[in-house]
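Below you'll find the structure, written out as structure tokens, and then a few comments.
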Amino acid sequence: MILPRTGVGIDVHAYAGQDEDRPLWLGGLHWPGERGLAGHSDGDPVAHAAADALFSASGIGDLGTHFGTDRPEFAGASGVTLLAEAARIVRAAGFEIGNIAVQFVANRPKFGPRREEAQRVLSGAAGAPVSVTATTSDGLGFTGRGEGISAVATALVYPRPKETIG
């Protein structure tokens with residue numbers, strides 16, 4: 001019997017300083033006119049949480065293990081690129097991806113109008129269904145004060161039967 005495995009990923013990024021000219025990347029999409037997030041890569045907490053959930057479910061480390069700040073080749077990397085590479089690493093470790101669900105917490109941007117676009121982009125990167133939801137924290141905490149964005153993701157993977165690995 002093949003039993004699925006679940007994993008959780010969390011990612012948090014503060015907004016970049018007012019004097020920094022960083023674009024906002026969220027859910028694999030560029031959000032023109034919105035303040036960008038600080039980070040080693042593009043700072044996309046949705047894509048990063050999704051990748052971390054895949055690593056968690058597979059038991060093969062975490063985002064820092066594979067794409068940490070000690071890896072200069074990932075400086076400025078797209079979250080979509082990191083998610084695609086995470087999916088490749090997970091599959092190479094003998095797993096298939098069932099799905100990924102992500103929820104982010106932020107006051108801005110207004111996500112609903114671009115939800116389907118973000119889900120298409122992230123699903124394409126992961127090679128599996130990715131759903132994204134958004135909420136606010138009703139003015140509480142660092143997200144409520146507009147200091148940054150957090151995201152939490154779950155992923156379902158399952159071991160590929162041994163005869164299909166390779």
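FYI, nothing fancy with the structure tokens labels: chains A, B, ... in order, residues from 1 per chain, ligands from 1 as they appear.
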Can you list, as a list in words, every protein, DNA or RNA residue that comes within 8 Å of A:Ala106 when you count only C-alpha atoms, leaving out same-chain residues fewer than 5 positions away?
->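 The filter keeps Ala134, Thr135, Thr136, Ser137, Thr143, Gly144, Gly146, Gly148, Ile149 and Ser150 of chain A.
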To one decimal place, how far is atom CA of A:Phe111 from atom CA of A:Phe142 in Å?
->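 These two atoms are separated by 18.8 Å.
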Long-range neighbours of stretch 2-16 of chain A as JSON, numbers by chain, 7 Å cut-off, only C-alpha atoms, 4 positions minimum in chain = {"A": [20, 22, 35, 36, 37, 38, 39, 43, 45, 48, 49, 50, 52, 53, 54, 56, 57, 147, 148, 149, 150, 151, 152, 153, 154, 155, 156, 157, 158, 159]}
If you run DSSP over the backbone, which residues in chain A end up strand (DSSP E or B)? Put them as a PyMOL selection string.
-> chain A and resi 5-15+23-26+29-35+37+95-105+130-135+148-159
Identify, with DSSP run on backbone atoms, the residues in stretch 10-159 of chain A assigned to alpha helix (DSSP H), and express the list as a PyMOL selection string.
-> chain A and resi 45-58+63-67+79-92+115-126+141-144
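Distances here use only C-alpha atoms; by that measure, the residue among A:Arg115, A:His66, A:His30, A:Arg91 closest to A:Ala128 is A:Arg91.
Of the residues under consideration (A:Ala93, A:Asp42, A:Phe104, A:Arg145), A:Ala93 shows the shortest atom-to-atom contact distance to A:Gly61 when counting only C-alpha atoms.
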